[in-house]
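Next up, upload_6.csv (CSV, C-alpha atoms):
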```
chain,number,residue,atom,x,y,z
F,1,MET,CA,8.1,-19.8,16.2
F,2,LYS,CA,10.4,-18.4,13.6
F,3,PRO,CA,8.9,-16.0,11.0
F,4,PHE,CA,9.5,-18.3,8.0
F,5,LEU,CA,7.8,-21.2,9.8
F,6,ILE,CA,4.8,-19.0,10.5
F,7,TYR,CA,4.8,-17.9,6.9
F,8,ARG,CA,4.7,-21.5,5.7
F,9,LYS,CA,1.8,-22.2,8.1
F,10,PHE,CA,0.0,-19.2,6.8
F,11,ALA,CA,0.5,-20.3,3.2
F,12,PHE,CA,-1.0,-23.7,4.0
F,13,VAL,CA,-4.0,-22.2,5.8
F,14,ALA,CA,-4.6,-19.7,3.0
F,15,ALA,CA,-4.4,-22.5,0.4
F,16,THR,CA,-6.8,-24.7,2.4
F,17,LEU,CA,-9.4,-21.8,2.7
F,18,GLY,CA,-9.3,-21.0,-1.0
F,19,VAL,CA,-11.2,-18.3,-2.8
F,20,ALA,CA,-14.4,-20.2,-2.6
F,21,SER,CA,-14.5,-19.9,1.1
F,22,LEU,CA,-14.7,-16.1,0.8
F,23,SER,CA,-17.7,-16.2,-1.5
F,24,THR,CA,-19.8,-18.6,0.4
F,25,ALA,CA,-23.3,-17.3,0.6
F,26,SER,CA,-24.1,-18.2,4.2
F,27,LEU,CA,-21.5,-17.5,6.8
F,28,ALA,CA,-21.7,-17.8,10.6
F,29,GLU,CA,-22.4,-14.5,12.4
F,30,ASP,CA,-19.0,-14.7,14.0
F,31,THR,CA,-17.1,-15.0,10.7
F,32,LEU,CA,-15.5,-12.1,8.7
F,33,ARG,CA,-13.9,-12.1,5.3
F,34,ILE,CA,-11.0,-9.8,4.7
F,35,VAL,CA,-8.9,-9.2,1.6
F,36,SER,CA,-5.5,-7.7,1.1
F,37,TRP,CA,-2.5,-7.6,-1.3
F,38,GLY,CA,-0.9,-11.0,-0.7
F,39,GLY,CA,2.9,-11.7,-0.6
F,40,ALA,CA,5.1,-10.6,2.3
F,41,TYR,CA,2.7,-7.8,3.2
F,42,GLN,CA,-0.3,-9.9,3.9
F,43,LYS,CA,1.8,-12.6,5.6
F,44,GLY,CA,2.8,-9.9,8.1
F,45,GLN,CA,-0.8,-8.7,8.4
F,46,SER,CA,-2.0,-12.3,9.0
F,47,VAL,CA,0.6,-13.2,11.6
F,48,GLY,CA,0.8,-9.8,13.3
F,49,ILE,CA,-2.8,-8.5,13.1
F,50,PHE,CA,-5.6,-10.4,11.4
F,51,GLN,CA,-5.4,-13.7,13.2
F,52,PRO,CA,-4.3,-12.4,16.7
F,53,ALA,CA,-7.1,-9.8,16.6
F,54,ALA,CA,-9.6,-12.5,15.5
F,55,LYS,CA,-8.5,-14.7,18.4
F,56,ALA,CA,-8.8,-11.9,20.9
F,57,MET,CA,-12.4,-11.4,19.8
F,58,GLY,CA,-13.3,-15.0,19.6
F,59,ILE,CA,-14.3,-14.8,15.9
F,60,THR,CA,-13.1,-16.5,12.6
F,61,VAL,CA,-11.4,-14.3,10.0
F,62,LYS,CA,-11.0,-15.8,6.5
F,63,GLU,CA,-8.4,-14.2,4.2
F,64,ASP,CA,-8.0,-13.8,0.5
F,65,THR,CA,-6.3,-11.4,-2.0
F,66,TYR,CA,-7.8,-8.8,-4.3
F,67,GLY,CA,-6.8,-6.3,-7.0
F,68,GLY,CA,-7.6,-3.0,-5.2
F,69,ILE,CA,-10.4,-0.5,-5.0
F,70,SER,CA,-11.6,-1.3,-8.5
F,71,ASP,CA,-12.6,-4.8,-7.1
F,72,VAL,CA,-14.6,-3.1,-4.3
F,73,LYS,CA,-16.4,-0.9,-6.7
F,74,LEU,CA,-17.2,-3.8,-9.0
F,75,MET,CA,-18.5,-5.9,-6.1
F,76,VAL,CA,-20.8,-3.3,-4.7
F,77,LYS,CA,-22.2,-2.1,-8.0
F,78,SER,CA,-22.9,-5.7,-9.1
F,79,GLY,CA,-24.5,-6.6,-5.8
F,80,ALA,CA,-22.0,-9.4,-5.2
F,81,ASP,CA,-21.0,-10.5,-1.6
F,82,LYS,CA,-17.4,-11.6,-1.5
F,83,PHE,CA,-15.7,-9.8,1.5
F,84,ASP,CA,-16.6,-7.7,4.5
F,85,ILE,CA,-13.3,-5.7,5.0
F,86,PHE,CA,-10.5,-4.7,2.6
F,87,SER,CA,-7.0,-3.4,3.1
F,88,SER,CA,-6.4,-0.3,0.9
F,89,GLY,CA,-4.1,2.6,0.4
F,90,ALA,CA,-5.6,6.0,1.5
F,91,GLY,CA,-6.0,7.2,-2.1
F,92,GLY,CA,-8.1,4.2,-3.1
F,93,CYS,CA,-10.4,4.6,-0.1
F,94,ALA,CA,-10.8,8.3,-0.9
F,95,SER,CA,-11.9,7.4,-4.4
F,96,GLY,CA,-14.3,4.7,-3.2
F,97,GLY,CA,-15.8,7.0,-0.6
F,98,LYS,CA,-16.5,9.7,-3.2
F,99,GLU,CA,-18.2,7.2,-5.5
F,100,GLY,CA,-20.4,6.0,-2.6
F,101,VAL,CA,-19.3,2.4,-2.5
F,102,LEU,CA,-17.9,2.4,1.0
F,103,GLU,CA,-19.5,2.5,4.5
F,104,LYS,CA,-18.7,5.5,6.6
F,105,LEU,CA,-16.6,4.3,9.5
F,106,ASP,CA,-18.0,4.8,13.0
F,107,TYR,CA,-15.3,6.4,15.1
F,108,SER,CA,-17.3,6.1,18.3
F,109,VAL,CA,-16.5,2.4,17.9
F,110,ILE,CA,-13.1,2.7,16.3
F,111,ASP,CA,-10.6,4.5,18.5
F,112,VAL,CA,-8.2,6.6,16.5
F,113,SER,CA,-7.5,9.1,19.2
F,114,ASN,CA,-3.8,8.1,19.3
F,115,HIS,CA,-3.3,8.1,15.6
F,116,LEU,CA,-0.7,10.3,14.0
F,117,PRO,CA,-2.3,13.4,12.3
F,118,GLY,CA,-4.1,12.7,9.0
F,119,MET,CA,-3.8,8.9,9.3
F,120,TYR,CA,-7.5,8.1,9.0
F,121,SER,CA,-10.5,9.3,7.1
F,122,ASP,CA,-14.2,8.9,6.9
F,123,TYR,CA,-13.8,5.7,5.0
F,124,CYS,CA,-10.4,4.3,6.0
F,125,ALA,CA,-8.9,3.6,9.4
F,126,GLY,CA,-5.1,3.9,9.0
F,127,ALA,CA,-3.1,0.8,9.9
F,128,ASP,CA,0.5,1.4,8.6
F,129,ILE,CA,2.6,3.9,6.9
F,130,PHE,CA,4.7,3.0,3.8
F,131,SER,CA,6.6,4.8,1.1
F,132,VAL,CA,6.8,4.6,-2.6
F,133,VAL,CA,10.5,4.8,-3.6
F,134,ALA,CA,12.7,4.4,-6.6
F,135,ALA,CA,14.6,1.2,-6.1
F,136,TRP,CA,17.6,0.1,-8.2
F,137,ASN,CA,19.5,-3.1,-9.0
F,138,THR,CA,22.9,-3.0,-7.2
F,139,ASP,CA,24.3,-5.4,-9.7
F,140,THR,CA,23.7,-2.7,-12.4
F,141,TYR,CA,24.6,0.5,-10.5
F,142,GLY,CA,26.4,-0.6,-7.3
F,143,ASP,CA,25.8,2.0,-4.7
F,144,ASN,CA,25.4,4.8,-7.2
F,145,GLY,CA,21.8,4.2,-8.3
F,146,PRO,CA,19.1,6.9,-8.8
F,147,ARG,CA,18.9,9.0,-5.6
F,148,THR,CA,16.2,11.3,-6.9
F,149,TRP,CA,13.2,11.0,-9.3
F,150,ALA,CA,15.1,13.2,-11.7
F,151,ASP,CA,17.7,10.4,-11.8
F,152,PHE,CA,15.0,7.8,-12.3
F,153,TYR,CA,13.8,9.6,-15.4
F,154,ASP,CA,17.4,10.4,-16.8
F,155,VAL,CA,18.0,7.5,-19.2
F,156,LYS,CA,21.3,9.0,-20.3
F,157,LYS,CA,22.8,9.2,-16.8
F,158,PHE,CA,21.2,5.9,-15.8
F,159,PRO,CA,20.7,3.7,-18.9
F,160,GLY,CA,18.7,0.6,-18.3
F,161,THR,CA,15.2,-0.9,-18.0
F,162,ARG,CA,12.6,0.5,-15.7
F,163,ALA,CA,9.3,-0.7,-14.2
F,164,MET,CA,6.3,1.3,-13.1
F,165,ARG,CA,3.0,0.5,-11.5
F,166,ASN,CA,0.0,-0.2,-13.8
F,167,LYS,CA,-2.2,2.0,-11.6
F,168,VAL,CA,-1.9,5.7,-11.3
F,169,ASP,CA,-1.4,5.8,-7.5
F,170,ALA,CA,1.8,7.8,-6.6
F,171,GLN,CA,3.1,7.5,-10.2
F,172,LEU,CA,2.2,11.0,-11.4
F,173,GLU,CA,3.9,12.5,-8.4
F,174,THR,CA,7.2,10.9,-9.4
F,175,ALA,CA,7.0,12.5,-12.9
F,176,LEU,CA,6.4,16.0,-11.6
F,177,LEU,CA,9.2,15.7,-9.0
F,178,ALA,CA,11.4,14.6,-11.8
F,179,ASP,CA,10.2,17.6,-13.8
F,180,GLY,CA,11.4,20.0,-11.1
F,181,VAL,CA,8.1,20.7,-9.3
F,182,PRO,CA,8.7,21.3,-5.6
F,183,LYS,CA,7.1,18.7,-3.5
F,184,GLU,CA,4.9,21.3,-1.7
F,185,ASP,CA,3.4,22.3,-5.2
F,186,ILE,CA,2.8,18.8,-6.7
F,187,TYR,CA,-0.9,18.7,-6.0
F,188,LYS,CA,-1.4,22.3,-7.1
F,189,VAL,CA,0.0,21.4,-10.5
F,190,LEU,CA,-2.1,18.2,-10.6
F,191,ASP,CA,-5.3,20.0,-9.8
F,192,SER,CA,-6.2,20.2,-13.5
F,193,GLU,CA,-6.3,17.9,-16.5
F,194,GLU,CA,-3.5,20.0,-17.9
F,195,GLY,CA,-1.3,19.2,-14.9
F,196,ILE,CA,-2.1,15.5,-15.1
F,197,LYS,CA,-1.2,15.6,-18.8
F,198,ARG,CA,2.1,17.3,-17.9
F,199,ALA,CA,2.9,14.4,-15.6
F,200,LEU,CA,1.9,11.8,-18.2
F,201,ASP,CA,4.0,13.5,-20.8
F,202,LYS,CA,7.0,13.2,-18.5
F,203,ILE,CA,6.3,9.5,-18.1
F,204,ARG,CA,6.1,9.2,-21.9
F,205,THR,CA,9.7,10.4,-22.2
F,206,ILE,CA,10.8,7.1,-20.5
F,207,LYS,CA,8.1,4.8,-21.8
F,208,PRO,CA,10.4,3.1,-24.3
F,209,HIS,CA,12.5,2.1,-21.3
F,210,ILE,CA,9.7,0.7,-19.2
F,211,ALA,CA,9.9,-3.0,-19.6
F,212,VAL,CA,7.2,-3.9,-17.1
F,213,TRP,CA,4.0,-2.3,-15.7
F,214,TRP,CA,3.9,-4.1,-12.4
F,215,THR,CA,0.6,-5.1,-10.8
F,216,SER,CA,1.3,-5.8,-7.2
F,217,GLY,CA,3.9,-5.5,-4.4
F,218,ALA,CA,4.8,-9.2,-4.8
F,219,SER,CA,5.4,-8.6,-8.5
F,220,HIS,CA,7.7,-5.6,-8.2
F,221,ALA,CA,9.7,-7.3,-5.4
F,222,GLN,CA,10.1,-10.4,-7.7
F,223,LEU,CA,11.3,-8.1,-10.5
F,224,MET,CA,14.2,-7.1,-8.3
F,225,LYS,CA,14.9,-10.6,-7.0
F,226,ASP,CA,15.1,-11.9,-10.6
F,227,GLY,CA,17.1,-8.9,-11.8
F,228,GLU,CA,14.5,-8.4,-14.6
F,229,VAL,CA,14.7,-4.6,-14.5
F,230,ASP,CA,17.4,-2.2,-13.5
F,231,MET,CA,15.1,0.1,-11.5
F,232,THR,CA,11.4,0.4,-10.5
F,233,THR,CA,8.9,2.3,-8.5
F,234,GLY,CA,7.6,0.4,-5.5
F,235,TRP,CA,7.0,0.0,-1.8
F,236,ASN,CA,9.9,0.2,0.6
F,237,GLY,CA,8.9,-2.7,2.8
F,238,ARG,CA,8.6,-5.1,-0.2
F,239,PHE,CA,12.1,-4.1,-1.2
F,240,ASP,CA,13.4,-4.7,2.3
F,241,VAL,CA,11.9,-8.2,2.4
F,242,ALA,CA,13.3,-8.9,-1.1
F,243,LYS,CA,16.8,-7.8,0.0
F,244,GLN,CA,16.5,-10.2,3.0
F,245,ASP,CA,15.8,-12.9,0.5
F,246,GLY,CA,18.9,-12.1,-1.5
F,247,ALA,CA,17.7,-9.5,-4.0
F,248,LYS,CA,20.4,-7.0,-5.1
F,249,VAL,CA,18.3,-4.0,-4.4
F,250,ALA,CA,18.7,-0.5,-2.7
F,251,TYR,CA,16.7,2.7,-2.5
F,252,ASP,CA,17.1,6.2,-1.1
F,253,TRP,CA,14.5,7.9,1.2
F,254,LYS,CA,15.0,11.1,-0.9
F,255,THR,CA,12.7,9.6,-3.4
F,256,GLY,CA,10.1,8.7,-0.8
F,257,ILE,CA,6.4,9.5,-1.2
F,258,MET,CA,4.8,8.6,2.1
F,259,ASP,CA,1.3,7.0,2.0
F,260,TRP,CA,-0.7,5.0,4.4
F,261,GLU,CA,-2.7,1.8,4.3
F,262,GLY,CA,-5.9,1.2,6.2
F,263,TYR,CA,-9.1,-0.8,6.4
F,264,GLY,CA,-12.5,0.0,4.8
F,265,ILE,CA,-15.9,-1.7,4.6
F,266,PRO,CA,-17.8,-2.1,1.3
F,267,LYS,CA,-21.2,-0.4,1.1
F,268,GLY,CA,-24.0,-2.8,2.2
F,269,ALA,CA,-21.7,-5.3,3.9
F,270,LYS,CA,-23.9,-7.7,5.9
F,271,GLN,CA,-21.4,-8.0,8.7
F,272,LYS,CA,-20.9,-4.2,9.0
F,273,ASP,CA,-21.3,-4.0,12.8
F,274,LEU,CA,-18.9,-6.9,13.4
F,275,ALA,CA,-16.5,-5.4,10.9
F,276,MET,CA,-16.4,-2.1,12.8
F,277,LYS,CA,-15.6,-3.9,16.0
F,278,TYR,CA,-12.9,-5.9,14.3
F,279,ILE,CA,-11.3,-2.8,12.8
F,280,ALA,CA,-11.4,-1.2,16.2
F,281,GLU,CA,-9.5,-4.2,17.6
F,282,MET,CA,-6.9,-4.0,14.9
F,283,MET,CA,-6.2,-0.3,15.7
F,284,LYS,CA,-4.5,-1.3,19.0
F,285,PRO,CA,-0.8,-0.6,19.2
F,286,ASN,CA,0.3,-4.1,20.1
F,287,TYR,CA,-0.9,-5.5,16.8
F,288,MET,CA,0.9,-2.7,14.8
F,289,ALA,CA,4.1,-3.3,16.7
F,290,GLU,CA,3.9,-7.0,15.9
F,291,PHE,CA,3.2,-6.4,12.2
F,292,ALA,CA,6.2,-4.2,12.0
F,293,LYS,CA,8.5,-7.1,12.9
F,294,TYR,CA,7.7,-8.7,9.6
F,295,ILE,CA,7.8,-5.7,7.1
F,296,THR,CA,9.2,-2.2,7.4
F,297,TYR,CA,5.9,-0.3,7.4
F,298,GLY,CA,5.5,2.1,10.3
F,299,PRO,CA,2.5,2.2,12.7
F,300,THR,CA,-0.2,4.9,12.6
F,301,ASN,CA,-0.8,4.6,16.3
F,302,LYS,CA,1.8,6.7,18.1
F,303,LYS,CA,1.4,4.6,21.3
F,304,VAL,CA,3.7,2.1,19.6
F,305,TYR,CA,6.6,4.5,20.0
F,306,GLU,CA,5.4,6.1,23.3
F,307,LEU,CA,5.1,2.7,25.0
F,308,GLY,CA,8.4,1.4,23.6
F,309,LEU,CA,6.7,-1.5,21.8
F,310,MET,CA,9.3,-1.3,19.0
F,311,GLU,CA,13.1,-1.4,19.3
F,312,ASP,CA,14.8,1.8,18.3
F,313,SER,CA,16.9,0.1,15.6
F,314,ARG,CA,13.7,-1.2,14.0
F,315,ALA,CA,11.9,2.1,14.3
F,316,ARG,CA,14.7,3.8,12.4
F,317,GLN,CA,13.9,1.5,9.4
F,318,MET,CA,10.4,2.8,9.2
F,319,PRO,CA,9.3,5.5,6.6
F,320,SER,CA,7.7,7.6,9.3
F,321,HIS,CA,10.8,7.8,11.5
F,322,PRO,CA,11.8,11.5,11.6
F,323,ASP,CA,15.2,10.9,10.1
F,324,ASN,CA,13.5,9.3,7.0
F,325,ALA,CA,10.3,11.3,6.9
F,326,LYS,CA,12.1,14.7,6.6
F,327,HIS,CA,13.2,13.8,3.1
F,328,GLN,CA,9.8,12.8,1.8
F,329,MET,CA,6.5,14.2,0.5
F,330,THR,CA,3.2,12.9,1.7
F,331,LEU,CA,0.5,11.6,-0.6
F,332,LYS,CA,-2.6,13.8,-0.5
F,333,THR,CA,-5.8,11.8,-0.2
F,334,GLU,CA,-8.0,14.8,-1.0
F,335,TRP,CA,-6.5,14.9,-4.5
F,336,TYR,CA,-7.3,11.3,-5.0
F,337,ALA,CA,-10.9,11.7,-3.9
F,338,LYS,CA,-11.3,14.5,-6.5
F,339,TRP,CA,-9.1,13.3,-9.4
F,340,ARG,CA,-8.3,9.6,-9.2
F,341,THR,CA,-11.0,8.3,-11.6
F,342,ILE,CA,-10.1,10.8,-14.3
F,343,ALA,CA,-6.4,10.4,-13.8
F,344,ALA,CA,-6.6,6.6,-13.8
F,345,GLU,CA,-8.4,6.7,-17.2
F,346,MET,CA,-5.7,9.0,-18.6
F,347,TYR,CA,-2.9,6.9,-17.1
F,348,THR,CA,-4.3,3.7,-18.6
F,349,GLU,CA,-4.6,5.4,-22.0
F,350,MET,CA,-1.0,6.5,-21.8
F,351,MET,CA,0.1,2.9,-20.9
F,352,THR,CA,-1.8,1.3,-23.8
F,353,GLU,CA,-1.3,3.9,-26.6
```
Full structure transcribed into structure tokens:
Amino acid sequence: MKPFLIYRKFAFVAATLGVASLSTASLAEDTLRIVSWGGAYQKGQSVGIFQPAAKAMGITVKEDTYGGISDVKLMVKSGADKFDIFSSGAGGCASGGKEGVLEKLDYSVIDVSNHLPGMYSDYCAGADIFSVVAAWNTDTYGDNGPRTWADFYDVKKFPGTRAMRNKVDAQLETALLADGVPKEDIYKVLDSEEGIKRALDKIRTIKPHIAVWWTSGASHAQLMKDGEVDMTTGWNGRFDVAKQDGAKVAYDWKTGIMDWEGYGIPKGAKQKDLAMKYIAEMMKPNYMAEFAKYITYGPTNKKVYELGLMEDSRARQMPSHPDNAKHQMTLKTEWYAKWRTIAAEMYTEMMTE
């Protein structure tokens, strides 16, 4: 079946399930509820991972979207019961783990022995590797868009409207890189409120030019498809899908900030044991290889490459391919565990002031 037909089928199924299905009080013991980010990303997850893994286990997995780790924190602290597993960036999981709202993962059940170094944590089992990049509208700049974060912040050299994320994740790093901090020193500078303020002050220099604070991968991809802004921060795979759909968009790996997405379990999840087994199933390389056919996010399981489960031409489009990774810095989850809550408050204040 062609990908767009699969996507249409997924959209129909998701619409049929609805949000209400995920908040049903009594669920069968062989049913799990998982939430992710929607759009092209979750379509790839559904077709490549979620539903095939469920089928292999003989269980039912119901899907919905959510707004990130803040939704997990709210659910756990309020005593609600809306989902069993969530898909999250490593920084979000680090923050949730520190606040005690996540279950510690059982790696005697979940096999990560073939994962790339650093691609899992106590609270998050890594599933794919993506990069935050600076993308530009090729109708505005042609092939000569912002190749560095310094370019992104230079409104004289590159006049035009910008967009940035409405959450702090990987945004402060762009500011310090633009301010001349070497990538190996970024988290040393950010390890204080003064360093965070320095990054925020850099963002303030371009704030009059930020037309949109985007809220999701689907939204920043749509910004580029519609030509609503001239450049934006965002996730490489979303831009690649948008380009396939006709968007006039390009980016340079030299602006890349590598991060990884994984799966976590909310504290007190009633289906915790089944969720652990399901995450273990999703860690297998065949699912990651299938997912990568739909969006350019690289696998965390190195067996995908060792077993030749991905064509070389496709592998070279992934953020983690050596030719691409060598240009990039890697997001540090330890910093997010320590500072994300404080930094997020300061970031929101900066946006709304």
Any idea what the distance is between CA of Met258 in chain F and CA of Gln171 in chain F?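 CA of Met258 in chain F sits 12.5 Å away from CA of Gln171 in chain F.
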How far is it from CA of Asp230 in chain F to CA of Ser131 in chain F, in Å with one decimal? 19.5 Å
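Residues with any atom within 6 Å of Glu103 in chain F, counting all atoms listed in the file and excluding same-chain neighbours fewer than 2 positions away, are Ile265, Pro266 and Lys267 of chain F.
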Can you list, as a list in words, every protein, DNA or RNA residue that comes within 7 Å of Trp214 in chain F when you count only C-alpha atoms, leaving out same-chain residues fewer than 4 positions away? Ala163, Met164, Arg165, Asn166, Ser219 and His220 of chain F
May I ask which of the residues F:Gly118, F:Gly58, F:Gly48, F:Gly180 is the closest one to Leu32 in chain F, counting all atoms listed in the file?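 Using all atoms listed in the file, the shortest distance to Leu32 in chain F belongs to F:Gly58.
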Counting only C-alpha atoms, which residue out of F:Asp240, F:Asp179, F:Glu281, F:Asp122 sits closest to Ser95 in chain F?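 Comparing F:Asp240, F:Asp179, F:Glu281, F:Asp122 against Ser95 in chain F, the winner is F:Asp122.
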Interatomic distance between CA of Asp226 in chain F and CA of Asp139 in chain F? 11.3 Å
Contact residues around Lys270 in chain F with only C-alpha atoms at 10 Å, ignoring same-chain residues under 6 positions, as a PyMOL selection string: chain F and resi 29+32+81+83-84
Step by step: start from the point (6.6, 1.7, -2.3) in the file's coordinates, keep every protein, DNA or RNA residue that has an atom no farther than 8 Å from it, count only C-alpha atoms, and write the set as number ranges by chain. F: 130-134, 217, 233-238, 256-257
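Using all atoms listed in the file, the shortest contact distance between Tyr336 in chain F and any of F:Thr352, F:Ala218, F:Ile34, F:Asp259 is found at F:Asp259.
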Env of Val304 in chain F: 12 Å cut, atoms = all atoms listed in the file, seq-sep filter 3 positions within chain, self excluded. Answer as a compact mmCIF listing (two decimals) with C-alpha atoms, keeping the file's coordinate frame.
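Saved the output as out_30.txt:
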```txt
# COMPACT_ATOMS: atom_id res chain seq x y z
CA ASN F 114 -3.80 8.10 19.30
CA HIS F 115 -3.30 8.10 15.60
CA LEU F 116 -0.70 10.30 14.00
CA ALA F 127 -3.10 0.80 9.90
CA ASP F 128 0.50 1.40 8.60
CA MET F 283 -6.20 -0.30 15.70
CA LYS F 284 -4.50 -1.30 19.00
CA PRO F 285 -0.80 -0.60 19.20
CA ASN F 286 0.30 -4.10 20.10
CA TYR F 287 -0.90 -5.50 16.80
CA MET F 288 0.90 -2.70 14.80
CA ALA F 289 4.10 -3.30 16.70
CA GLU F 290 3.90 -7.00 15.90
CA PHE F 291 3.20 -6.40 12.20
CA ALA F 292 6.20 -4.20 12.00
CA GLY F 298 5.50 2.10 10.30
CA PRO F 299 2.50 2.20 12.70
CA THR F 300 -0.20 4.90 12.60
CA ASN F 301 -0.80 4.60 16.30
CA LEU F 307 5.10 2.70 25.00
CA GLY F 308 8.40 1.40 23.60
CA LEU F 309 6.70 -1.50 21.80
CA MET F 310 9.30 -1.30 19.00
CA GLU F 311 13.10 -1.40 19.30
CA ASP F 312 14.80 1.80 18.30
CA ARG F 314 13.70 -1.20 14.00
CA ALA F 315 11.90 2.10 14.30
```
For Ile110 in chain F, list every protein, DNA or RNA residue within 7 Å, evaluated using only C-alpha atoms, and leave out those in the same chain fewer than 3 positions away; present the list as a short mmCIF file (atom, residue, chain, number, x, y, z; two decimals) with C-alpha atoms, in the coordinates of the input.
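Result file follows (selection27.cif):
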```
data_model
loop_
_atom_site.label_atom_id
_atom_site.label_comp_id
_atom_site.auth_asym_id
_atom_site.auth_seq_id
_atom_site.Cartn_x
_atom_site.Cartn_y
_atom_site.Cartn_z
CA ASP F 106 -18.00 4.80 13.00
CA TYR F 107 -15.30 6.40 15.10
CA MET F 276 -16.40 -2.10 12.80
CA ILE F 279 -11.30 -2.80 12.80
CA ALA F 280 -11.40 -1.20 16.20
#
```
Between F:Met224, F:Val155, F:Met57, F:Ile203, which one has atoms that come closest to Glu173 in chain F, using all atoms listed in the file?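 Comparing F:Met224, F:Val155, F:Met57, F:Ile203 against Glu173 in chain F, the winner is F:Ile203.
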Please, which residues are within 9 Å of (15.1, -1.7, -18.0) by the file's coordinates, counting all atoms listed in the file, and could they come as a list in words? Pro159, Gly160, Thr161, Arg162, Ala163, His209, Ile210, Ala211, Val212, Glu228, Val229, Asp230, Met231 and Thr232 of chain F
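Among the candidates F:Leu331, F:Ala221, F:Met351, F:Ala325, the one nearest to Tyr41 in chain F when counting all atoms listed in the file is F:Ala221.
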All file atoms of range 245-251 of chain F boxed axis-aligned, 6 Å per side, centre plus edges, as JSON:
```
{"center_x": 18.1, "center_y": -5.1, "center_z": -2.3, "size_x": 16.6, "size_y": 27.6, "size_z": 17.6}
```
For range 206-223 of chain F, supply N, CA and C atoms and format the output as an mmCIF file, in the frame of the given file.
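This is the output file selection_18.cif:
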```cif
data_model
loop_
_atom_site.group_PDB
_atom_site.id
_atom_site.type_symbol
_atom_site.label_atom_id
_atom_site.label_comp_id
_atom_site.auth_asym_id
_atom_site.auth_seq_id
_atom_site.Cartn_x
_atom_site.Cartn_y
_atom_site.Cartn_z
ATOM 1 N N ILE F 206 10.078 8.337 -20.880
ATOM 2 C CA ILE F 206 10.800 7.100 -20.500
ATOM 3 C C ILE F 206 10.064 5.845 -20.882
ATOM 4 N N LYS F 207 8.903 5.999 -21.494
ATOM 5 C CA LYS F 207 8.100 4.800 -21.800
ATOM 6 C C LYS F 207 8.797 3.757 -22.594
ATOM 7 N N PRO F 208 9.636 4.119 -23.590
ATOM 8 C CA PRO F 208 10.400 3.100 -24.300
ATOM 9 C C PRO F 208 11.304 2.247 -23.436
ATOM 10 N N HIS F 209 11.622 2.773 -22.258
ATOM 11 C CA HIS F 209 12.500 2.100 -21.300
ATOM 12 C C HIS F 209 11.807 1.342 -20.231
ATOM 13 N N ILE F 210 10.478 1.453 -20.206
ATOM 14 C CA ILE F 210 9.700 0.700 -19.200
ATOM 15 C C ILE F 210 9.375 -0.651 -19.700
ATOM 16 N N ALA F 211 10.052 -1.637 -19.131
ATOM 17 C CA ALA F 211 9.900 -3.000 -19.600
ATOM 18 C C ALA F 211 8.701 -3.709 -18.994
ATOM 19 N N VAL F 212 8.282 -3.255 -17.797
ATOM 20 C CA VAL F 212 7.200 -3.900 -17.100
ATOM 21 C C VAL F 212 6.314 -2.858 -16.415
ATOM 22 N N TRP F 213 5.000 -3.034 -16.521
ATOM 23 C CA TRP F 213 4.000 -2.300 -15.700
ATOM 24 C C TRP F 213 3.582 -3.215 -14.617
ATOM 25 N N TRP F 214 4.118 -3.052 -13.423
ATOM 26 C CA TRP F 214 3.900 -4.100 -12.400
ATOM 27 C C TRP F 214 2.462 -3.915 -11.793
ATOM 28 N N THR F 215 1.981 -5.038 -11.268
ATOM 29 C CA THR F 215 0.600 -5.100 -10.800
ATOM 30 C C THR F 215 0.404 -5.258 -9.331
ATOM 31 N N SER F 216 1.461 -5.610 -8.599
ATOM 32 C CA SER F 216 1.300 -5.800 -7.200
ATOM 33 C C SER F 216 2.674 -5.688 -6.487
ATOM 34 N N GLY F 217 2.635 -5.585 -5.143
ATOM 35 C CA GLY F 217 3.900 -5.500 -4.400
ATOM 36 C C GLY F 217 4.716 -6.764 -4.568
ATOM 37 N N ALA F 218 4.049 -7.908 -4.611
ATOM 38 C CA ALA F 218 4.800 -9.200 -4.800
ATOM 39 C C ALA F 218 5.479 -9.170 -6.162
ATOM 40 N N SER F 219 4.818 -8.616 -7.183
ATOM 41 C CA SER F 219 5.400 -8.600 -8.500
ATOM 42 C C SER F 219 6.597 -7.706 -8.640
ATOM 43 N N HIS F 220 6.518 -6.502 -8.053
ATOM 44 C CA HIS F 220 7.700 -5.600 -8.200
ATOM 45 C C HIS F 220 8.843 -6.076 -7.345
ATOM 46 N N ALA F 221 8.574 -6.730 -6.224
ATOM 47 C CA ALA F 221 9.700 -7.300 -5.400
ATOM 48 C C ALA F 221 10.335 -8.444 -6.229
ATOM 49 N N GLN F 222 9.524 -9.247 -6.918
ATOM 50 C CA GLN F 222 10.100 -10.400 -7.700
ATOM 51 C C GLN F 222 10.907 -9.850 -8.867
ATOM 52 N N LEU F 223 10.505 -8.722 -9.452
ATOM 53 C CA LEU F 223 11.300 -8.100 -10.500
ATOM 54 C C LEU F 223 12.727 -7.867 -10.080
#
```
